[in-house]
file coords26.cif (mmCIF, C-alpha atoms and all ligand atoms)
data_entry
loop_
_atom_site.group_PDB
_atom_site.id
_atom_site.type_symbol
_atom_site.label_atom_id
_atom_site.label_comp_id
_atom_site.auth_asym_id
_atom_site.auth_seq_id
_atom_site.Cartn_x
_atom_site.Cartn_y
_atom_site.Cartn_z
ATOM 1 C CA MET K 14 111.394 145.362 64.509
ATOM 2 C CA PRO K 15 110.270 143.860 61.173
ATOM 3 C CA SER K 16 108.710 140.462 60.638
ATOM 4 C CA THR K 17 109.941 137.967 58.113
ATOM 5 C CA ALA K 18 107.743 135.161 56.868
ATOM 6 C CA VAL K 19 109.791 132.205 55.713
ATOM 7 C CA VAL K 20 107.962 129.826 53.415
ATOM 8 C CA PHE K 21 109.612 126.444 53.924
ATOM 9 C CA PRO K 22 107.422 124.018 51.983
ATOM 10 C CA PHE K 23 109.256 120.847 52.956
ATOM 11 C CA ASP K 24 106.862 117.902 53.043
ATOM 12 C CA LEU K 25 108.875 114.728 52.621
ATOM 13 C CA PHE K 26 108.519 111.819 55.090
ATOM 14 C CA GLY K 27 104.881 112.528 55.903
ATOM 15 C CA SER K 28 101.963 114.708 54.854
ATOM 16 C CA ALA K 29 102.943 115.205 51.219
ATOM 17 C CA GLY K 30 100.758 118.082 50.039
ATOM 18 C CA ALA K 31 101.359 120.265 53.083
ATOM 19 C CA GLY K 32 104.038 122.174 51.140
ATOM 20 C CA ALA K 33 101.228 123.792 49.152
ATOM 21 C CA GLY K 34 99.794 125.049 52.449
ATOM 22 C CA ALA K 35 103.075 126.773 53.319
ATOM 23 C CA ARG K 36 103.047 128.525 49.929
ATOM 24 C CA LEU K 37 99.440 129.655 50.374
ATOM 25 C CA LEU K 38 100.269 131.207 53.746
ATOM 26 C CA GLY K 39 103.169 133.014 52.084
ATOM 27 C CA ASP K 40 100.606 134.405 49.627
ATOM 28 C CA VAL K 41 98.481 135.553 52.574
ATOM 29 C CA VAL K 42 101.364 137.688 53.830
ATOM 30 C CA ARG K 43 102.098 139.009 50.318
ATOM 31 C CA GLU K 44 98.448 140.023 50.076
ATOM 32 C CA ILE K 45 98.641 141.813 53.430
ATOM 33 C CA ILE K 46 101.725 143.671 52.155
ATOM 34 C CA ASP K 47 100.001 144.696 48.891
ATOM 35 C CA ASP K 48 96.700 145.686 50.530
ATOM 36 C CA THR K 49 98.466 147.743 53.164
ATOM 37 C CA ALA K 50 100.550 149.527 50.539
ATOM 38 C CA GLN K 51 97.419 150.484 48.583
ATOM 39 C CA GLU K 52 95.245 151.544 51.526
ATOM 40 C CA THR K 53 94.932 155.297 51.918
ATOM 41 C CA ARG K 54 92.471 155.386 54.861
ATOM 42 C CA PRO K 55 93.847 154.950 58.396
ATOM 43 C CA SER K 56 93.701 151.310 59.426
ATOM 44 C CA ARG K 57 95.262 148.964 61.934
ATOM 45 C CA ALA K 58 97.385 147.584 59.127
ATOM 46 C CA ASP K 59 99.360 150.860 59.230
ATOM 47 C CA ALA K 60 101.356 149.165 61.991
ATOM 48 C CA LEU K 61 102.508 146.644 59.379
ATOM 49 C CA ARG K 62 103.494 149.096 56.652
ATOM 50 C CA GLY K 63 107.075 148.513 55.542
ATOM 51 C CA LYS K 64 107.542 145.933 58.296
ATOM 52 C CA LEU K 65 106.831 142.668 56.456
ATOM 53 C CA ARG K 66 108.953 140.525 54.179
ATOM 54 C CA VAL K 67 108.527 137.103 52.658
ATOM 55 C CA LYS K 68 111.351 134.689 51.857
ATOM 56 C CA GLU K 69 110.641 131.439 50.112
ATOM 57 C CA ALA K 70 112.805 128.322 50.034
ATOM 58 C CA ALA K 71 112.609 126.162 46.926
ATOM 59 C CA PHE K 72 112.734 122.377 46.949
ATOM 60 C CA GLU K 73 113.173 121.722 43.284
ATOM 61 C CA THR K 74 116.590 120.157 42.951
ATOM 62 C CA LEU K 75 118.188 117.187 44.626
ATOM 63 C CA GLU K 76 120.744 119.456 46.313
ATOM 64 C CA GLN K 77 118.004 121.651 47.777
ATOM 65 C CA VAL K 78 116.274 118.605 49.204
ATOM 66 C CA ARG K 79 119.441 116.943 50.456
ATOM 67 C CA ASP K 80 120.423 120.020 52.483
ATOM 68 C CA TRP K 81 116.933 120.775 53.775
ATOM 69 C CA ARG K 82 117.801 120.795 57.449
ATOM 70 C CA LYS K 83 120.950 122.887 57.054
ATOM 71 C CA ARG K 84 119.229 125.337 54.701
ATOM 72 C CA GLY K 85 116.286 125.682 57.045
ATOM 73 C CA ARG K 86 118.509 126.291 59.983
ATOM 74 C CA SER K 87 120.503 128.957 58.221
ATOM 75 C CA LEU K 88 117.298 130.731 57.077
ATOM 76 C CA ALA K 89 115.990 130.717 60.649
ATOM 77 C CA ARG K 90 119.351 131.908 61.969
ATOM 78 C CA GLN K 91 119.523 134.898 59.572
ATOM 79 C CA VAL K 92 116.084 136.132 60.597
ATOM 80 C CA LEU K 93 116.487 135.567 64.340
ATOM 81 C CA LYS K 94 119.992 137.063 64.425
ATOM 82 C CA ALA K 95 118.683 140.191 62.716
ATOM 83 C CA GLY K 96 116.149 140.470 65.554
ATOM 84 C CA ASP K 97 113.161 140.072 63.244
ATOM 85 C CA PHE K 98 110.003 138.317 64.311
ATOM 86 C CA LEU K 99 109.970 135.019 62.394
ATOM 87 C CA LEU K 100 106.850 133.528 60.896
ATOM 88 C CA TRP K 101 107.726 130.024 59.724
ATOM 89 C CA PHE K 102 105.314 128.489 57.250
ATOM 90 C CA GLY K 103 106.305 124.853 57.068
ATOM 91 C CA GLY K 104 105.009 121.946 55.048
ATOM 92 C CA ASN K 105 104.765 118.963 57.373
ATOM 93 C CA HIS K 106 105.617 119.254 61.060
ATOM 94 C CA LEU K 107 109.113 117.904 60.421
ATOM 95 C CA SER K 108 109.820 121.108 58.474
ATOM 96 C CA VAL K 109 109.889 122.996 61.782
ATOM 97 C CA LEU K 110 112.829 120.930 63.058
ATOM 98 C CA PRO K 111 115.478 123.343 61.634
ATOM 99 C CA VAL K 112 113.911 126.132 63.723
ATOM 100 C CA LEU K 113 114.008 123.984 66.862
ATOM 101 C CA ASP K 114 117.650 123.140 66.054
ATOM 102 C CA GLU K 115 118.446 126.820 65.804
ATOM 103 C CA LEU K 116 116.553 127.869 68.946
ATOM 104 C CA GLY K 117 118.499 125.395 71.060
ATOM 105 C CA PRO K 118 117.973 124.178 74.616
ATOM 106 C CA ASP K 119 117.461 127.578 76.270
ATOM 107 C CA ALA K 120 114.211 128.337 74.480
ATOM 108 C CA LEU K 121 110.706 127.262 75.440
ATOM 109 C CA VAL K 122 108.570 125.912 72.594
ATOM 110 C CA ILE K 123 104.834 125.865 73.166
ATOM 111 C CA GLN K 124 103.623 123.345 70.690
ATOM 112 C CA PHE K 125 99.953 123.135 69.764
ATOM 113 C CA ASP K 126 99.531 119.667 68.248
ATOM 114 C CA ALA K 127 97.033 116.798 68.322
ATOM 115 C CA HIS K 128 99.986 114.417 68.364
ATOM 116 C CA LEU K 129 103.123 113.992 70.408
ATOM 117 C CA ASP K 130 105.676 113.467 67.660
ATOM 118 C CA VAL K 131 107.718 110.819 69.465
ATOM 119 C CA TYR K 132 106.051 107.690 68.115
ATOM 120 C CA ARG K 133 107.788 104.305 67.835
ATOM 121 C CA PHE K 134 105.085 101.719 67.402
ATOM 122 C CA HIS K 135 104.951 98.670 65.142
ATOM 123 C CA ASP K 136 103.543 100.741 62.291
ATOM 124 C CA THR K 137 105.793 103.811 62.517
ATOM 125 C CA THR K 138 108.938 104.134 60.449
ATOM 126 C CA PRO K 139 112.240 103.937 62.353
ATOM 127 C CA GLU K 140 113.580 106.663 60.013
ATOM 128 C CA LEU K 141 113.169 110.368 60.749
ATOM 129 C CA SER K 142 109.571 111.324 59.944
ATOM 130 C CA HIS K 143 106.897 113.896 60.814
ATOM 131 C CA GLY K 144 105.637 111.533 63.533
ATOM 132 C CA ASN K 145 108.859 110.811 65.405
ATOM 133 C CA PHE K 146 111.200 113.747 64.798
ATOM 134 C CA LEU K 147 111.196 115.035 68.350
ATOM 135 C CA ARG K 148 112.695 111.733 69.479
ATOM 136 C CA LEU K 149 115.192 111.436 66.608
ATOM 137 C CA ALA K 150 116.274 115.071 66.335
ATOM 138 C CA GLY K 151 119.857 114.167 67.177
ATOM 139 C CA GLY K 152 120.630 117.474 68.853
ATOM 140 C CA PRO K 153 119.679 119.464 71.917
ATOM 141 C CA LEU K 154 116.071 120.582 71.457
ATOM 142 C CA PRO K 155 114.331 123.438 73.238
ATOM 143 C CA LYS K 156 112.151 122.758 76.245
ATOM 144 C CA LEU K 157 108.929 121.416 74.750
ATOM 145 C CA VAL K 158 105.418 121.882 76.076
ATOM 146 C CA ASN K 159 102.491 120.327 74.216
ATOM 147 C CA VAL K 160 99.080 121.897 74.233
ATOM 148 C CA GLY K 161 95.981 120.106 72.996
ATOM 149 C CA HIS K 162 97.128 116.586 72.207
ATOM 150 C CA ARG K 163 94.636 113.735 71.917
ATOM 151 C CA ASP K 164 97.156 110.921 72.160
ATOM 152 C CA LEU K 165 95.787 107.647 73.534
ATOM 153 C CA PHE K 166 98.906 105.500 73.073
ATOM 154 C CA LEU K 167 101.941 106.824 74.873
ATOM 155 C CA THR K 168 102.694 106.162 78.523
ATOM 156 C CA PRO K 169 103.391 109.115 80.830
ATOM 157 C CA MET K 170 106.965 107.937 81.234
ATOM 158 C CA GLU K 171 107.576 107.941 77.514
ATOM 159 C CA ILE K 172 105.988 111.375 77.118
ATOM 160 C CA ALA K 173 108.168 112.789 79.892
ATOM 161 C CA GLU K 174 111.335 111.758 78.010
ATOM 162 C CA THR K 175 110.635 114.539 75.508
ATOM 163 C CA PHE K 176 108.078 116.952 76.962
ATOM 164 C CA ALA K 177 108.537 119.186 79.987
ATOM 165 C CA ALA K 178 104.753 119.390 80.289
ATOM 166 C CA THR K 179 101.640 118.478 78.331
ATOM 167 C CA PHE K 180 98.111 119.831 78.411
ATOM 168 C CA PRO K 181 95.960 117.166 76.753
ATOM 169 C CA ALA K 182 92.589 118.060 75.224
ATOM 170 C CA PRO K 183 90.510 116.595 78.095
ATOM 171 C CA ALA K 184 92.375 118.713 80.659
ATOM 172 C CA LEU K 185 91.748 121.793 78.506
ATOM 173 C CA ALA K 186 88.071 120.918 78.200
ATOM 174 C CA ILE K 187 87.707 120.560 81.952
ATOM 175 C CA ASN K 188 89.678 123.614 82.988
ATOM 176 C CA PRO K 189 91.259 125.793 80.301
ATOM 177 C CA ASP K 190 91.990 128.524 82.847
ATOM 178 C CA ARG K 191 94.274 126.258 84.815
ATOM 179 C CA ALA K 192 96.266 125.472 81.659
ATOM 180 C CA ALA K 193 96.361 129.148 80.699
ATOM 181 C CA LYS K 194 97.733 130.053 84.116
ATOM 182 C CA ALA K 195 100.427 127.365 83.917
ATOM 183 C CA LEU K 196 101.405 128.442 80.388
ATOM 184 C CA ARG K 197 101.646 132.067 81.455
ATOM 185 C CA GLU K 198 103.975 131.105 84.306
ATOM 186 C CA MET K 199 106.189 128.925 82.107
ATOM 187 C CA ALA K 200 106.382 131.568 79.403
ATOM 188 C CA SER K 201 107.297 134.306 81.832
ATOM 189 C CA ALA K 202 110.071 132.146 83.339
ATOM 190 C CA ALA K 203 111.588 131.450 79.895
ATOM 191 C CA GLY K 204 114.222 133.567 78.179
ATOM 192 C CA ARG K 205 112.855 133.072 74.692
ATOM 193 C CA VAL K 206 109.529 131.585 73.605
ATOM 194 C CA TRP K 207 108.462 130.027 70.324
ATOM 195 C CA ILE K 208 104.859 129.214 69.396
ATOM 196 C CA ASP K 209 104.502 126.182 67.137
ATOM 197 C CA LEU K 210 101.118 125.385 65.635
ATOM 198 C CA ASP K 211 100.575 122.023 63.975
ATOM 199 C CA CYS K 212 97.198 122.688 62.360
ATOM 200 C CA ASP K 213 95.699 119.431 63.626
ATOM 201 C CA ALA K 214 95.720 120.891 67.154
ATOM 202 C CA LEU K 215 92.492 122.618 66.202
ATOM 203 C CA ASP K 216 89.369 120.570 65.785
ATOM 204 C CA PRO K 217 88.846 119.353 62.196
ATOM 205 C CA ALA K 218 85.391 120.952 62.274
ATOM 206 C CA TYR K 219 87.165 124.336 62.230
ATOM 207 C CA LEU K 220 90.307 123.381 60.361
ATOM 208 C CA PRO K 221 89.587 120.359 58.154
ATOM 209 C CA ALA K 222 92.616 120.699 55.840
ATOM 210 C CA VAL K 223 94.992 118.444 57.757
ATOM 211 C CA PRO K 224 96.405 115.070 56.713
ATOM 212 C CA GLU K 225 96.076 113.463 60.179
ATOM 213 C CA PRO K 226 92.848 114.771 61.702
ATOM 214 C CA LEU K 227 91.839 113.761 65.224
ATOM 215 C CA PRO K 228 88.504 114.606 66.836
ATOM 216 C CA PHE K 229 88.017 116.523 70.095
ATOM 217 C CA GLY K 230 90.424 119.256 69.085
ATOM 218 C CA LEU K 231 90.746 122.817 70.272
ATOM 219 C CA SER K 232 88.050 125.300 69.399
ATOM 220 C CA PRO K 233 89.311 128.643 68.074
ATOM 221 C CA PRO K 234 88.241 130.596 71.213
ATOM 222 C CA VAL K 235 90.136 128.237 73.528
ATOM 223 C CA PHE K 236 93.127 128.399 71.207
ATOM 224 C CA LEU K 237 93.064 132.217 71.440
ATOM 225 C CA LYS K 238 92.906 132.044 75.232
ATOM 226 C CA LEU K 239 95.961 129.789 75.356
ATOM 227 C CA LEU K 240 97.842 131.785 72.730
ATOM 228 C CA ASP K 241 97.247 134.886 74.811
ATOM 229 C CA ALA K 242 98.577 133.085 77.892
ATOM 230 C CA ALA K 243 101.770 132.098 76.069
ATOM 231 C CA TRP K 244 102.241 135.505 74.478
ATOM 232 C CA SER K 245 104.704 138.186 75.552
ATOM 233 C CA ASP K 246 107.422 140.225 73.869
ATOM 234 C CA LYS K 247 109.688 137.217 74.431
ATOM 235 C CA VAL K 248 107.950 135.367 71.613
ATOM 236 C CA ALA K 249 110.582 135.148 68.881
ATOM 237 C CA GLY K 250 108.326 133.616 66.281
ATOM 238 C CA PHE K 251 105.418 131.493 65.272
ATOM 239 C CA SER K 252 105.362 128.413 63.061
ATOM 240 C CA VAL K 253 102.481 126.821 61.213
ATOM 241 C CA SER K 254 102.627 123.354 59.658
ATOM 242 C CA GLU K 255 100.485 120.446 58.419
ATOM 243 C CA PHE K 256 98.077 122.602 56.408
ATOM 244 C CA GLU K 257 97.115 120.628 53.314
ATOM 245 C CA PRO K 258 94.885 122.833 51.142
ATOM 246 C CA GLY K 259 93.840 119.898 48.952
ATOM 247 C CA ARG K 260 91.706 118.702 51.885
ATOM 248 C CA ASP K 261 90.140 122.066 52.633
ATOM 249 C CA VAL K 262 86.369 122.522 52.636
ATOM 250 C CA ARG K 263 85.227 125.799 51.063
ATOM 251 C CA ASP K 264 88.464 127.478 52.220
ATOM 252 C CA THR K 265 87.451 127.108 55.890
ATOM 253 C CA SER K 266 91.010 126.349 56.965
ATOM 254 C CA LEU K 267 92.582 128.995 54.761
ATOM 255 C CA ASN K 268 90.219 131.604 56.218
ATOM 256 C CA LEU K 269 91.012 130.567 59.771
ATOM 257 C CA LEU K 270 94.771 130.543 59.193
ATOM 258 C CA GLY K 271 94.728 133.764 57.189
ATOM 259 C CA TRP K 272 92.917 135.543 59.997
ATOM 260 C CA LEU K 273 95.303 134.039 62.562
ATOM 261 C CA VAL K 274 98.416 135.128 60.654
ATOM 262 C CA GLU K 275 97.151 138.702 60.398
ATOM 263 C CA TYR K 276 96.111 138.661 64.070
ATOM 264 C CA VAL K 277 99.559 137.466 65.174
ATOM 265 C CA LEU K 278 101.288 140.092 63.038
ATOM 266 C CA LEU K 279 99.105 142.848 64.498
ATOM 267 C CA LYS K 280 99.663 141.485 68.015
ATOM 268 C CA LYS K 281 103.381 141.817 67.408
ATOM 269 C CA HIS K 282 103.471 145.130 65.582
ATOM 270 C CA GLU K 283 100.780 147.042 67.444
ATOM 271 C CA ALA K 284 102.394 146.271 70.788
ATOM 272 C CA GLY K 285 103.348 149.557 72.403
ATOM 273 C CA THR K 286 101.600 151.616 69.713
ATOM 274 C CA THR K 287 98.048 151.348 71.106
ATOM 275 C CA PRO K 288 96.879 152.659 74.493
HETATM 276 MN MN MN Q 1 100.038 116.636 64.550
#
call {"tool": "encode", "arguments": {"input": "coords26.cif", "output": "structure tokens", "more": "lines below"}}
Ligand SMILES: [Mn+2]
result
Amino acid sequence: MPSTAVVFPFDLFGSAGAGAGARLLGDVVREIIDDTAQETRPSRADALRGKLRVKEAAFETLEQVRDWRKRGRSLARQVLKAGDFLLWFGGNHLSVLPVLDELGPDALVIQFDAHLDVYRFHDTTPELSHGNFLRLAGGPLPKLVNVGHRDLFLTPMEIAETFAATFPAPALAINPDRAAKALREMASAAGRVWIDLDCDALDPAYLPAVPEPLPFGLSPPVFLKLLDAAWSDKVAGFSVSEFEPGRDVRDTSLNLLGWLVEYVLLKKHEAGTTP
């Protein structure tokens, strides 16, 4: 089964500049493809040889922007229908909405995010934005589980309108194993699983290149533990959003995300090939 990376650099209605992050991650995959093609010594990347593709959506004309949600959905549909593993490199978090539209209500989405994107406070726009899109999606969304949020505003009742479960940062700090166990159970009960990483889920000390940083975020080792808990061959794809390279510090975030993308690809493609 091949993997297709879709670069979908949509970053209107929040986090302008995150589109450049989507394009950089596309370059990461292109580099993996080129390096693997040129390598003559045996390496783990052999599992990726001939298995990776990159598709890139342009947002240069008014028509391309106007149809963003439809275009995104049809790109996601093509890849998922073909049975490929889908890596979705989005601009802002809203750019992942077409994937959620396409996955539909039977899927489970494990969403790593500092925020719960259902905000409707005095200072949030009533229009569709990267901070409210889960509430205004206007269609049946997958079952959503948040991991790692640091929200201090929303009431439990309001959160429960959108999320089947949440694992806030303090709960993860106190007992990450309990969260890992619960995630493993939810993922194994689901028919299809999607992993959605909004980069601000990680602590800004490790991943500073985000437009809306919040402290007390996930450390990379805890993230790996929880990713492992959510992982199985039911994972249809992985999305990354809210990476704004203009805010990066000595490529710290790019290094972290580049490693993570390669790790996820190997996790997918080495499955069943190693003892
Ligand atoms: Mn966020």
call {"tool": "atom_distance", "arguments": {"input": "coords26.cif", "atom1": "CA of Val235 in chain K", "atom2": "CA of Tyr219 in chain K"}}
result
12.3 Å
call {"tool": "atom_distance", "arguments": {"input": "coords26.cif", "atom1": "CA of Ile123 in chain K", "atom2": "CA of Asn159 in chain K"}}
result
6.1 Å
call {"tool": "residues_around", "arguments": {"input": "coords26.cif", "residues": "Ala178 in chain K", "least_positions_apart": "4", "cutoff": "8 Å", "atoms": "only C-alpha atoms", "output": "list in words"}}
result
Leu157, Val158, Asn159 and Ala173 of chain K
call {"tool": "closest_residue", "arguments": {"input": "coords26.cif", "among": "K:Gly39, K:Gly259, K:Gly27, K:Pro189", "to": "ligand MN 1 (chain Q)", "atoms": "only C-alpha atoms and all ligand atoms"}}
result
K:Gly27
call {"tool": "residues_near_ligand", "arguments": {"input": "coords26.cif", "ligand": "ligand MN 1 (chain Q)", "cutoff": "7 Å", "atoms": "all atoms listed in the file", "output": "mmCIF file with C-alpha atoms, keeping the file's coordinate frame"}}
result
data_model
loop_
_atom_site.group_PDB
_atom_site.id
_atom_site.type_symbol
_atom_site.label_atom_id
_atom_site.label_comp_id
_atom_site.auth_asym_id
_atom_site.auth_seq_id
_atom_site.Cartn_x
_atom_site.Cartn_y
_atom_site.Cartn_z
ATOM 1 C CA ASP K 126 99.531 119.667 68.248
ATOM 2 C CA ALA K 127 97.033 116.798 68.322
ATOM 3 C CA HIS K 128 99.986 114.417 68.364
ATOM 4 C CA ASP K 211 100.575 122.023 63.975
ATOM 5 C CA ASP K 213 95.699 119.431 63.626
ATOM 6 C CA ALA K 214 95.720 120.891 67.154
ATOM 7 C CA GLU K 225 96.076 113.463 60.179
#
